[in-house]
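One file, start_36.cif, is given below (mmCIF, C-alpha atoms).
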```
data_entry
#
loop_
_atom_site.label_atom_id
_atom_site.label_comp_id
_atom_site.auth_asym_id
_atom_site.auth_seq_id
_atom_site.Cartn_x
_atom_site.Cartn_y
_atom_site.Cartn_z
CA MET X 26 91.60 -44.57 -18.95
CA VAL X 27 89.91 -43.58 -22.19
CA GLY X 28 87.23 -41.76 -20.29
CA LYS X 29 89.79 -39.87 -18.29
CA GLN X 30 91.70 -38.96 -21.43
CA ARG X 31 88.56 -37.62 -23.06
CA ILE X 32 87.79 -35.49 -19.98
CA THR X 33 91.35 -34.16 -19.95
CA GLN X 34 91.13 -33.18 -23.62
CA TRP X 35 87.60 -31.77 -23.35
CA PHE X 36 88.31 -29.48 -20.38
CA PRO X 37 91.12 -27.36 -21.86
CA LEU X 38 89.23 -27.02 -25.15
CA THR X 39 86.14 -25.84 -23.29
CA ALA X 40 88.19 -23.51 -21.13
CA MET X 41 89.89 -22.14 -24.21
CA ALA X 42 86.53 -21.58 -25.86
CA ALA X 43 85.31 -19.77 -22.76
CA LEU X 44 88.39 -17.57 -22.70
CA ILE X 45 87.96 -16.76 -26.37
CA SER X 46 84.31 -15.96 -25.71
CA VAL X 47 85.17 -13.65 -22.80
CA GLY X 48 87.92 -11.95 -24.79
CA THR X 49 85.58 -11.43 -27.73
CA ALA X 50 82.89 -10.01 -25.46
CA THR X 51 85.38 -7.61 -23.85
CA THR X 52 86.69 -6.47 -27.21
CA THR X 53 83.14 -5.99 -28.50
CA LEU X 54 82.24 -4.05 -25.38
CA ALA X 55 85.08 -1.60 -25.94
CA ALA X 56 84.49 -1.39 -29.68
CA ASP X 57 80.75 -0.74 -29.38
CA TYR X 58 80.92 1.62 -26.39
CA PRO X 59 79.09 3.91 -26.13
CA GLU X 60 75.78 2.82 -27.61
CA LYS X 61 73.57 5.22 -25.64
CA PRO X 62 73.83 8.59 -23.86
CA ILE X 63 76.26 8.92 -20.97
CA GLN X 64 75.09 10.44 -17.71
CA LEU X 65 77.41 13.06 -16.21
CA ILE X 66 76.69 13.57 -12.49
CA VAL X 67 77.32 17.02 -11.03
CA SER X 68 77.10 17.07 -7.24
CA TYR X 69 76.15 20.74 -7.00
CA GLY X 70 73.35 22.94 -8.27
CA GLU X 71 73.01 24.60 -11.65
CA GLY X 72 74.86 27.81 -12.36
CA GLY X 73 77.99 27.36 -10.24
CA SER X 74 81.49 26.90 -11.61
CA THR X 75 81.36 23.10 -11.25
CA ASP X 76 78.13 22.89 -13.24
CA THR X 77 79.38 25.36 -15.86
CA MET X 78 82.61 23.45 -16.42
CA ALA X 79 80.70 20.17 -16.71
CA ARG X 80 78.34 21.51 -19.36
CA ILE X 81 81.13 22.97 -21.47
CA PHE X 82 83.12 19.75 -21.18
CA ALA X 83 80.07 17.69 -22.16
CA LYS X 84 79.59 19.77 -25.29
CA TYR X 85 83.10 18.97 -26.52
CA ALA X 86 83.07 15.37 -25.30
CA GLU X 87 79.93 14.57 -27.29
CA ASP X 88 81.75 15.40 -30.52
CA VAL X 89 84.67 13.18 -29.54
CA ILE X 90 82.81 10.15 -28.19
CA GLY X 91 79.88 10.24 -30.60
CA GLU X 92 77.05 10.09 -28.06
CA ARG X 93 75.12 12.56 -25.94
CA MET X 94 76.55 13.39 -22.53
CA VAL X 95 73.67 14.39 -20.28
CA VAL X 96 74.47 16.56 -17.26
CA VAL X 97 72.43 15.56 -14.20
CA ASN X 98 72.60 17.79 -11.13
CA LYS X 99 72.35 15.97 -7.79
CA PRO X 100 73.07 18.65 -5.18
CA GLY X 101 72.88 18.11 -1.47
CA ALA X 102 74.95 17.32 1.62
CA GLY X 103 77.85 19.39 0.30
CA GLY X 104 78.31 17.17 -2.76
CA GLU X 105 77.93 13.83 -1.01
CA LEU X 106 74.63 12.86 -2.64
CA GLY X 107 76.10 13.06 -6.13
CA TRP X 108 79.17 11.04 -5.21
CA VAL X 109 77.02 8.38 -3.55
CA HIS X 110 75.15 8.09 -6.85
CA LEU X 111 78.43 7.89 -8.79
CA ALA X 112 80.04 5.30 -6.50
CA ASN X 113 76.97 3.07 -6.57
CA ALA X 114 76.26 3.37 -10.29
CA GLU X 115 76.49 0.42 -12.64
CA PRO X 116 80.18 0.25 -13.67
CA ASP X 117 79.44 0.13 -17.38
CA GLY X 118 80.81 3.48 -18.48
CA TYR X 119 77.39 5.10 -18.82
CA THR X 120 77.71 7.05 -15.57
CA ILE X 121 80.64 9.34 -14.96
CA GLY X 122 80.90 12.10 -12.40
CA LEU X 123 82.57 15.39 -11.76
CA ILE X 124 84.48 15.22 -8.48
CA ASN X 125 85.67 18.16 -6.41
CA SER X 126 88.85 17.97 -4.37
CA PRO X 127 89.48 18.19 -1.47
CA VAL X 128 85.89 17.54 -0.41
CA VAL X 129 85.40 14.21 -2.23
CA GLU X 130 88.33 12.63 -0.40
CA VAL X 131 87.57 13.98 3.09
CA TYR X 132 83.95 12.90 3.59
CA PRO X 133 84.87 9.21 4.05
CA PHE X 134 86.71 10.11 7.28
CA THR X 135 84.94 13.31 8.42
CA ARG X 136 81.54 11.63 8.02
CA GLU X 137 82.74 8.11 8.74
CA ASP X 138 79.57 6.98 10.50
CA THR X 139 77.11 8.34 7.95
CA VAL X 140 78.80 8.77 4.57
CA GLY X 141 77.20 6.80 1.75
CA TYR X 142 80.29 6.01 -0.33
CA GLU X 143 83.83 4.78 0.14
CA TYR X 144 86.80 6.75 -1.19
CA GLU X 145 88.03 3.60 -2.97
CA ALA X 146 84.68 3.18 -4.78
CA ILE X 147 85.48 6.04 -7.15
CA ARG X 148 88.25 5.79 -9.75
CA PRO X 149 89.71 9.12 -10.94
CA LEU X 150 90.00 9.81 -14.66
CA ALA X 151 91.40 13.32 -15.13
CA ASN X 152 91.68 16.64 -13.37
CA VAL X 153 90.66 19.62 -15.48
CA VAL X 154 90.77 22.82 -13.41
CA THR X 155 92.55 23.95 -10.26
CA ASP X 156 90.76 27.08 -9.09
CA PRO X 157 92.20 29.19 -6.22
CA GLY X 158 90.03 30.38 -3.36
CA ILE X 159 88.92 33.96 -2.85
CA LEU X 160 87.37 35.96 -0.02
CA ALA X 161 85.00 38.69 -1.20
CA VAL X 162 82.38 41.10 0.11
CA ASP X 163 79.61 43.06 -1.56
CA ALA X 164 80.69 46.23 -3.34
CA ASP X 165 78.71 48.28 -0.81
CA SER X 166 80.40 46.61 2.15
CA PRO X 167 82.22 48.93 4.57
CA TYR X 168 85.23 46.59 4.46
CA GLN X 169 87.64 48.02 1.91
CA ASP X 170 90.45 45.58 2.56
CA LEU X 171 91.33 42.44 4.49
CA ASP X 172 92.63 44.32 7.51
CA ALA X 173 89.32 46.15 7.91
CA PHE X 174 87.46 42.85 7.68
CA VAL X 175 89.72 41.27 10.30
CA THR X 176 89.28 44.22 12.65
CA ALA X 177 85.49 44.04 12.36
CA ALA X 178 85.50 40.30 12.98
CA GLN X 179 87.66 40.75 16.05
CA ASP X 180 85.49 43.56 17.42
CA ASP X 181 82.10 41.93 16.76
CA PRO X 182 82.45 38.29 15.68
CA ASP X 183 78.71 37.61 15.85
CA SER X 184 78.12 40.11 13.05
CA ILE X 185 80.33 38.34 10.50
CA THR X 186 78.97 35.46 8.39
CA VAL X 187 80.97 33.65 5.72
CA SER X 188 79.70 31.22 3.08
CA HIS X 189 81.03 27.79 2.15
CA GLU X 190 79.77 24.71 0.29
CA GLY X 191 80.21 22.07 2.96
CA VAL X 192 82.42 21.01 5.83
CA GLY X 193 85.77 19.77 4.52
CA GLY X 194 85.43 21.48 1.14
CA ASP X 195 88.08 23.83 -0.19
CA ASP X 196 85.94 26.88 0.68
CA HIS X 197 85.45 25.70 4.24
CA LEU X 198 89.09 24.73 4.75
CA ALA X 199 90.24 28.07 3.31
CA ALA X 200 87.93 29.97 5.65
CA ILE X 201 88.92 28.08 8.79
CA ASN X 202 92.62 28.31 7.92
CA PHE X 203 92.23 32.06 7.47
CA ALA X 204 90.31 32.27 10.76
CA LYS X 205 93.14 30.46 12.55
CA GLU X 206 95.78 32.67 10.93
CA ALA X 207 93.90 35.84 11.91
CA ASN X 208 92.73 34.50 15.29
CA LEU X 209 89.07 34.98 14.37
CA ASP X 210 85.84 33.27 15.36
CA LEU X 211 83.78 33.33 12.17
CA ASN X 212 80.19 32.21 11.63
CA PHE X 213 79.88 29.85 8.66
CA VAL X 214 76.81 29.42 6.47
CA THR X 215 76.53 26.38 4.16
CA PHE X 216 75.13 26.65 0.62
CA ASN X 217 74.47 24.08 -2.13
CA GLY X 218 76.84 25.74 -4.56
CA ASN X 219 78.56 29.07 -4.90
CA ALA X 220 75.84 30.44 -7.16
CA GLU X 221 73.52 30.35 -4.14
CA ALA X 222 76.20 31.89 -1.93
CA THR X 223 76.85 34.73 -4.36
CA ALA X 224 73.15 35.51 -4.53
CA ALA X 225 73.05 35.60 -0.73
CA LEU X 226 76.02 37.96 -0.66
CA LEU X 227 74.50 40.34 -3.20
CA GLY X 228 71.21 40.18 -1.32
CA GLY X 229 72.86 41.26 1.91
CA HIS X 230 72.18 37.97 3.70
CA ILE X 231 75.83 37.16 4.47
CA THR X 232 78.89 39.30 5.14
CA ALA X 233 81.41 37.55 2.93
CA PHE X 234 81.70 34.99 0.18
CA GLU X 235 84.38 32.30 0.41
CA GLY X 236 84.47 30.67 -3.00
CA ASN X 237 86.66 30.21 -6.02
CA MET X 238 88.34 32.77 -8.22
CA SER X 239 86.49 31.71 -11.36
CA GLU X 240 83.12 32.26 -9.66
CA ALA X 241 83.96 35.75 -8.48
CA ALA X 242 86.33 37.20 -11.09
CA SER X 243 83.74 38.62 -13.50
CA GLN X 244 81.78 40.26 -10.68
CA VAL X 245 85.00 41.67 -9.26
CA GLN X 246 85.86 43.05 -12.69
CA GLU X 247 82.39 44.59 -13.03
CA GLY X 248 82.51 46.12 -9.56
CA GLU X 249 79.61 44.13 -8.13
CA ILE X 250 81.71 42.56 -5.39
CA ARG X 251 85.03 43.46 -3.77
CA ALA X 252 87.69 40.77 -3.43
CA LEU X 253 89.74 41.10 -0.26
CA ALA X 254 92.21 38.27 -0.94
CA VAL X 255 93.01 35.42 -3.29
CA TRP X 256 94.42 32.32 -1.58
CA SER X 257 97.20 31.56 -4.07
CA ASP X 258 100.98 31.88 -4.27
CA GLU X 259 100.74 34.76 -6.70
CA ARG X 260 98.17 37.20 -8.02
CA MET X 261 95.83 35.97 -10.71
CA ASP X 262 95.80 37.49 -14.20
CA ALA X 263 92.02 37.81 -14.19
CA ILE X 264 92.04 40.00 -11.06
CA PRO X 265 95.57 41.43 -10.90
CA ASP X 266 94.68 44.15 -8.38
CA VAL X 267 93.57 41.63 -5.75
CA PRO X 268 96.43 40.82 -3.36
CA THR X 269 97.13 37.32 -2.14
CA GLY X 270 96.56 36.44 1.48
CA LYS X 271 100.30 35.93 1.88
CA GLU X 272 100.98 39.47 0.70
CA GLN X 273 98.78 40.67 3.54
CA GLY X 274 100.41 38.55 6.19
CA TYR X 275 98.13 35.50 6.19
CA ASP X 276 99.79 32.24 5.16
CA VAL X 277 96.75 30.68 3.53
CA GLU X 278 96.70 28.74 0.26
CA ALA X 279 93.58 26.98 -0.97
CA ALA X 280 92.11 25.82 -4.26
CA ALA X 281 89.43 23.56 -5.69
CA SER X 282 90.45 20.87 -8.13
CA ARG X 283 87.68 19.70 -10.46
CA GLY X 284 87.96 16.56 -12.49
CA PHE X 285 86.17 13.41 -13.59
CA ALA X 286 85.83 9.91 -12.22
CA VAL X 287 83.95 6.66 -12.77
CA PRO X 288 82.78 3.83 -10.50
CA ALA X 289 85.85 1.84 -9.46
CA ASP X 290 84.90 -1.38 -11.27
CA VAL X 291 84.50 0.07 -14.76
CA PRO X 292 86.28 -2.27 -17.22
CA GLN X 293 89.79 -1.15 -18.11
CA ASP X 294 89.10 -0.88 -21.84
CA ILE X 295 86.16 1.49 -21.23
CA TYR X 296 88.22 3.43 -18.69
CA ASP X 297 90.98 3.83 -21.30
CA LYS X 298 88.50 5.01 -23.90
CA LEU X 299 87.06 7.60 -21.53
CA LEU X 300 90.57 8.72 -20.58
CA ASP X 301 91.35 9.27 -24.27
CA VAL X 302 88.21 11.40 -24.53
CA MET X 303 89.29 13.41 -21.49
CA GLN X 304 92.71 14.11 -22.96
CA GLU X 305 91.36 15.08 -26.36
CA VAL X 306 88.87 17.54 -24.87
CA ILE X 307 91.23 19.06 -22.30
CA GLU X 308 93.97 19.59 -24.89
CA ASP X 309 91.54 21.16 -27.39
CA PRO X 310 92.56 24.85 -27.84
CA GLU X 311 88.92 25.92 -28.20
CA PHE X 312 87.97 24.22 -24.93
CA ARG X 313 90.90 25.92 -23.22
CA ASP X 314 89.81 29.27 -24.66
CA GLU X 315 86.35 28.79 -23.14
CA MET X 316 87.89 27.92 -19.79
CA ALA X 317 90.12 31.00 -19.95
CA ALA X 318 87.13 33.20 -20.76
CA LEU X 319 85.52 31.92 -17.54
CA ASN X 320 88.72 32.48 -15.54
CA MET X 321 89.07 28.74 -14.90
CA PRO X 322 92.78 27.78 -14.77
CA VAL X 323 93.22 24.51 -16.67
CA ASN X 324 95.53 22.09 -14.87
CA PRO X 325 95.38 18.65 -16.53
CA ILE X 326 96.36 15.60 -14.49
CA TYR X 327 95.59 12.24 -16.10
CA GLY X 328 94.93 8.68 -15.01
CA GLN X 329 97.21 7.29 -12.32
CA ASP X 330 98.86 10.67 -11.77
CA TYR X 331 95.46 12.09 -10.86
CA ALA X 332 94.75 9.16 -8.55
CA ASP X 333 98.12 9.70 -6.86
CA PHE X 334 97.34 13.42 -6.44
CA LEU X 335 94.03 12.65 -4.72
CA ASP X 336 95.55 9.86 -2.62
CA ALA X 337 98.21 12.24 -1.32
CA SER X 338 95.58 14.84 -0.48
CA HIS X 339 93.44 12.19 1.21
CA GLU X 340 96.27 11.04 3.44
CA ARG X 341 97.47 14.57 4.26
CA LEU X 342 94.00 15.82 5.21
CA LYS X 343 93.18 12.67 7.14
CA ALA X 344 96.30 13.22 9.24
CA LEU X 345 95.28 16.83 9.86
CA TRP X 346 91.78 15.71 10.80
CA GLU X 347 93.08 13.19 13.30
CA GLU X 348 95.32 15.86 14.81
CA ASP X 349 92.73 18.67 14.93
CA PRO X 350 89.19 17.85 13.70
CA TRP X 351 87.47 20.79 12.07
CA ILE X 352 83.89 19.51 12.26
CA ASP X 353 83.00 21.98 15.00
CA ALA X 354 84.08 24.89 12.81
CA GLU X 355 80.96 24.76 10.63
#
```

Starting from the file, give its structure as structure tokens.
Amino acid sequence: MVGKQRITQWFPLTAMAALISVGTATTTLAADYPEKPIQLIVSYGEGGSTDTMARIFAKYAEDVIGERMVVVNKPGAGGELGWVHLANAEPDGYTIGLINSPVVEVYPFTREDTVGYEYEAIRPLANVVTDPGILAVDADSPYQDLDAFVTAAQDDPDSITVSHEGVGGDDHLAAINFAKEANLDLNFVTFNGNAEATAALLGGHITAFEGNMSEAASQVQEGEIRALAVWSDERMDAIPDVPTGKEQGYDVEAAASRGFAVPADVPQDIYDKLLDVMQEVIEDPEFRDEMAALNMPVNPIYGQDYADFLDASHERLKALWEEDPWIDAE
């Protein structure tokens, strides 16, 4: 009986000590984090709008979090390679990633047999920018407006090539939705980032650029390229002379949302600390001024609200995919 009593007393004391130890370790982890540079994964090449936003964000975040934030570009497979790296990273808070919607949430079902990450393996932190799509041609192009472009594509579809960054991305979905609206058969060319696509457009290697407003606005303003349509509900302040697709009779709306995420199993206290950093940077007037100067519309969505936004997009696009797969539209 005595032996049993001693065991009964010893176990809860030991368990309590273990719980105290775990609690202390967790608290110390949050208090000491970060103790070394944080890797920021960008799933596209250098020079595009995703990369540019990441580097500006990192500059401000370093001042807030007190450690270096090192941008690492991992382009390839339309963004998938970078998100595979993010999803499989050690969940210790030292790897975060920039995710691009809608493409990050569609690969798990459009590439179901080959994709290297699960949608649930990435936990969203905060959306930063929602950037509407744009269709543009070179300034020397014979197509002065969207109607002229549509007529040419109807008359000689083999002559028209349009860029995008990967099947299921916002550029690709915008282009195929426009093609359906206009009853066109377009030829799509995939690039590892819109910087590459813009260079191809200016070099005369493709007919049209399907990208984001922020990536094209300055060149539209300078007369290097001609925007035929912006895929938004209303005209954008940066390019007020460019009509929306809807104004021209094409019911197309498309945008890229760019935000940050971590591996799903990152401890909650570290997640909360990173979320605080996100909010402080995104709400910083100087950061917002830099985004405005680059024609990047800031649209903050934080924490669970951001997760809900992506979940809704995931379910909506999955239903569309099951109804009418777009894989053969590449």

Give as a ChimeraX atom specification the residues that the PyMOL selection byres ((chain X and resi 104-117) around 7) matches when applied to the coordinates above.
-> /X:66-69,99-103,118-122,141-142,146-147,287-288,290-291

Just give me the gap between CA of Glu235 in chain X and CA of Asn219 in chain X in Å, one decimal is fine.
->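 Result for CA of Glu235 in chain X versus CA of Asn219 in chain X: 8.5 Å, one decimal.
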
Closest pair table for range 53-144 of chain X residues within 10 Å of range 192-197 of chain X, all atoms listed in the file, as JSON lines:
```
{"residue": "X:Ala102", "atom": "CA", "partner": "X:Val192", "partner_atom": "CA", "distance": 9.3}
{"residue": "X:Gly103", "atom": "CA", "partner": "X:Val192", "partner_atom": "CA", "distance": 7.4}
{"residue": "X:Gly104", "atom": "CA", "partner": "X:Gly194", "partner_atom": "CA", "distance": 9.2}
{"residue": "X:Asn125", "atom": "CA", "partner": "X:Gly194", "partner_atom": "CA", "distance": 8.3}
{"residue": "X:Ser126", "atom": "CA", "partner": "X:Asp195", "partner_atom": "CA", "distance": 7.2}
{"residue": "X:Pro127", "atom": "CA", "partner": "X:Gly194", "partner_atom": "CA", "distance": 5.8}
{"residue": "X:Val128", "atom": "CA", "partner": "X:Gly194", "partner_atom": "CA", "distance": 4.3}
{"residue": "X:Val129", "atom": "CA", "partner": "X:Gly194", "partner_atom": "CA", "distance": 8.0}
{"residue": "X:Glu130", "atom": "CA", "partner": "X:Gly193", "partner_atom": "CA", "distance": 9.0}
{"residue": "X:Val131", "atom": "CA", "partner": "X:Gly193", "partner_atom": "CA", "distance": 6.2}
{"residue": "X:Tyr132", "atom": "CA", "partner": "X:Gly193", "partner_atom": "CA", "distance": 7.2}
{"residue": "X:Thr135", "atom": "CA", "partner": "X:Gly193", "partner_atom": "CA", "distance": 7.6}
{"residue": "X:Arg136", "atom": "CA", "partner": "X:Val192", "partner_atom": "CA", "distance": 9.7}
```

Among the residues X:Thr155, X:Asp163, X:Glu278, X:Gln64, the one that comes closest to Leu227 in chain X [using all atoms listed in the file] =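 Answer, going by the shortest atom-to-atom distance: X:Asp163.
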
List every protein, DNA or RNA residue that has an atom no more than 10 Å from (88.8, 37.9, -3.0) in the file's coordinate frame, counting all atoms listed in the file, and report them as a list of chain:residue names.
->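 Residues satisfying the cut-off, written out: X:Pro157, X:Gly158, X:Ile159, X:Leu160, X:Ala161, X:Val162, X:Asp170, X:Leu171, X:Ala233, X:Phe234, X:Glu235, X:Gly236, X:Asn237, X:Met238, X:Ala241, X:Ala242, X:Val245, X:Ile250, X:Arg251, X:Ala252, X:Leu253, X:Ala254, X:Val255, X:Trp256, X:Ile264, X:Val267, X:Pro268, X:Thr269, X:Gly270.
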
Report as JSON, numbers by chain the full result of the PyMOL selection byres ((chain X and resi 331-340) around 9) when it is applied to this structure.
-> {"X": [126, 127, 129, 130, 131, 144, 148, 149, 150, 151, 152, 284, 325, 326, 327, 328, 329, 330, 341, 342, 343, 344, 345]}

Selection file, C-alpha atoms, as a JSON list (two decimals), in the coordinates of the input:
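again-v4.json was written with the following content:
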```
[["chain", "number", "residue", "atom", "x", "y", "z"],
["X", 126, "SER", "CA", 88.85, 17.97, -4.37],
["X", 127, "PRO", "CA", 89.48, 18.19, -1.47],
["X", 129, "VAL", "CA", 85.40, 14.21, -2.23],
["X", 130, "GLU", "CA", 88.33, 12.63, -0.40],
["X", 131, "VAL", "CA", 87.57, 13.98, 3.09],
["X", 144, "TYR", "CA", 86.80, 6.75, -1.19],
["X", 148, "ARG", "CA", 88.25, 5.79, -9.75],
["X", 149, "PRO", "CA", 89.71, 9.12, -10.94],
["X", 150, "LEU", "CA", 90.00, 9.81, -14.66],
["X", 151, "ALA", "CA", 91.40, 13.32, -15.13],
["X", 152, "ASN", "CA", 91.68, 16.64, -13.37],
["X", 284, "GLY", "CA", 87.96, 16.56, -12.49],
["X", 325, "PRO", "CA", 95.38, 18.65, -16.53],
["X", 326, "ILE", "CA", 96.36, 15.60, -14.49],
["X", 327, "TYR", "CA", 95.59, 12.24, -16.10],
["X", 328, "GLY", "CA", 94.93, 8.68, -15.01],
["X", 329, "GLN", "CA", 97.21, 7.29, -12.32],
["X", 330, "ASP", "CA", 98.86, 10.67, -11.77],
["X", 341, "ARG", "CA", 97.47, 14.57, 4.26],
["X", 342, "LEU", "CA", 94.00, 15.82, 5.21],
["X", 343, "LYS", "CA", 93.18, 12.67, 7.14],
["X", 344, "ALA", "CA", 96.30, 13.22, 9.24],
["X", 345, "LEU", "CA", 95.28, 16.83, 9.86]]
```

Missing atoms in range 148-171 of chain X should be modelled up to N, CA and C atoms and reported as an mmCIF file, in the coordinates of the input.
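As a result, rebuild33.cif now contains:
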```cif
data_model
loop_
_atom_site.group_PDB
_atom_site.id
_atom_site.type_symbol
_atom_site.label_atom_id
_atom_site.label_comp_id
_atom_site.auth_asym_id
_atom_site.auth_seq_id
_atom_site.Cartn_x
_atom_site.Cartn_y
_atom_site.Cartn_z
ATOM 1 N N ARG X 148 86.951 5.842 -9.083
ATOM 2 C CA ARG X 148 88.250 5.790 -9.750
ATOM 3 C C ARG X 148 88.461 7.069 -10.564
ATOM 4 N N PRO X 149 89.478 7.856 -10.237
ATOM 5 C CA PRO X 149 89.710 9.120 -10.940
ATOM 6 C C PRO X 149 90.116 8.913 -12.398
ATOM 7 N N LEU X 150 89.638 9.811 -13.234
ATOM 8 C CA LEU X 150 90.000 9.810 -14.660
ATOM 9 C C LEU X 150 90.987 10.933 -14.981
ATOM 10 N N ALA X 151 90.552 12.175 -14.773
ATOM 11 C CA ALA X 151 91.400 13.320 -15.130
ATOM 12 C C ALA X 151 90.968 14.565 -14.393
ATOM 13 N N ASN X 152 91.948 15.306 -13.901
ATOM 14 C CA ASN X 152 91.680 16.640 -13.370
ATOM 15 C C ASN X 152 91.645 17.631 -14.523
ATOM 16 N N VAL X 153 90.779 18.619 -14.417
ATOM 17 C CA VAL X 153 90.660 19.620 -15.480
ATOM 18 C C VAL X 153 91.110 20.995 -14.994
ATOM 19 N N VAL X 154 90.560 21.439 -13.875
ATOM 20 C CA VAL X 154 90.770 22.820 -13.410
ATOM 21 C C VAL X 154 91.248 22.804 -11.962
ATOM 22 N N THR X 155 92.190 23.663 -11.641
ATOM 23 C CA THR X 155 92.550 23.950 -10.260
ATOM 24 C C THR X 155 92.315 25.438 -10.038
ATOM 25 N N ASP X 156 91.339 25.739 -9.195
ATOM 26 C CA ASP X 156 90.760 27.080 -9.090
ATOM 27 C C ASP X 156 91.017 27.645 -7.690
ATOM 28 N N PRO X 157 91.856 28.684 -7.560
ATOM 29 C CA PRO X 157 92.200 29.190 -6.220
ATOM 30 C C PRO X 157 91.012 29.807 -5.505
ATOM 31 N N GLY X 158 91.079 29.791 -4.178
ATOM 32 C CA GLY X 158 90.030 30.380 -3.360
ATOM 33 C C GLY X 158 90.121 31.890 -3.302
ATOM 34 N N ILE X 159 88.989 32.503 -2.931
ATOM 35 C CA ILE X 159 88.920 33.960 -2.850
ATOM 36 C C ILE X 159 87.955 34.336 -1.736
ATOM 37 N N LEU X 160 88.271 35.399 -1.016
ATOM 38 C CA LEU X 160 87.370 35.960 -0.020
ATOM 39 C C LEU X 160 86.881 37.306 -0.545
ATOM 40 N N ALA X 161 85.555 37.468 -0.609
ATOM 41 C CA ALA X 161 85.000 38.690 -1.200
ATOM 42 C C ALA X 161 83.806 39.182 -0.394
ATOM 43 N N VAL X 162 83.547 40.478 -0.506
ATOM 44 C CA VAL X 162 82.380 41.100 0.110
ATOM 45 C C VAL X 162 81.612 41.849 -0.966
ATOM 46 N N ASP X 163 80.410 42.269 -0.636
ATOM 47 C CA ASP X 163 79.610 43.060 -1.560
ATOM 48 C C ASP X 163 80.292 44.408 -1.811
ATOM 49 N N ALA X 164 80.055 44.962 -2.995
ATOM 50 C CA ALA X 164 80.690 46.230 -3.340
ATOM 51 C C ALA X 164 80.315 47.350 -2.379
ATOM 52 N N ASP X 165 79.150 47.257 -1.759
ATOM 53 C CA ASP X 165 78.710 48.280 -0.810
ATOM 54 C C ASP X 165 79.179 48.008 0.619
ATOM 55 N N SER X 166 79.933 46.952 0.810
ATOM 56 C CA SER X 166 80.400 46.610 2.150
ATOM 57 C C SER X 166 81.327 47.706 2.695
ATOM 58 N N PRO X 167 81.296 47.949 3.991
ATOM 59 C CA PRO X 167 82.220 48.930 4.570
ATOM 60 C C PRO X 167 83.673 48.443 4.622
ATOM 61 N N TYR X 168 83.888 47.154 4.348
ATOM 62 C CA TYR X 168 85.230 46.590 4.460
ATOM 63 C C TYR X 168 85.976 46.760 3.135
ATOM 64 N N GLN X 169 86.911 47.697 3.129
ATOM 65 C CA GLN X 169 87.640 48.020 1.910
ATOM 66 C C GLN X 169 88.823 47.101 1.652
ATOM 67 N N ASP X 170 89.300 46.477 2.709
ATOM 68 C CA ASP X 170 90.450 45.580 2.560
ATOM 69 C C ASP X 170 90.390 44.501 3.633
ATOM 70 N N LEU X 171 91.347 43.587 3.578
ATOM 71 C CA LEU X 171 91.330 42.440 4.490
ATOM 72 C C LEU X 171 91.553 42.870 5.934
#
```
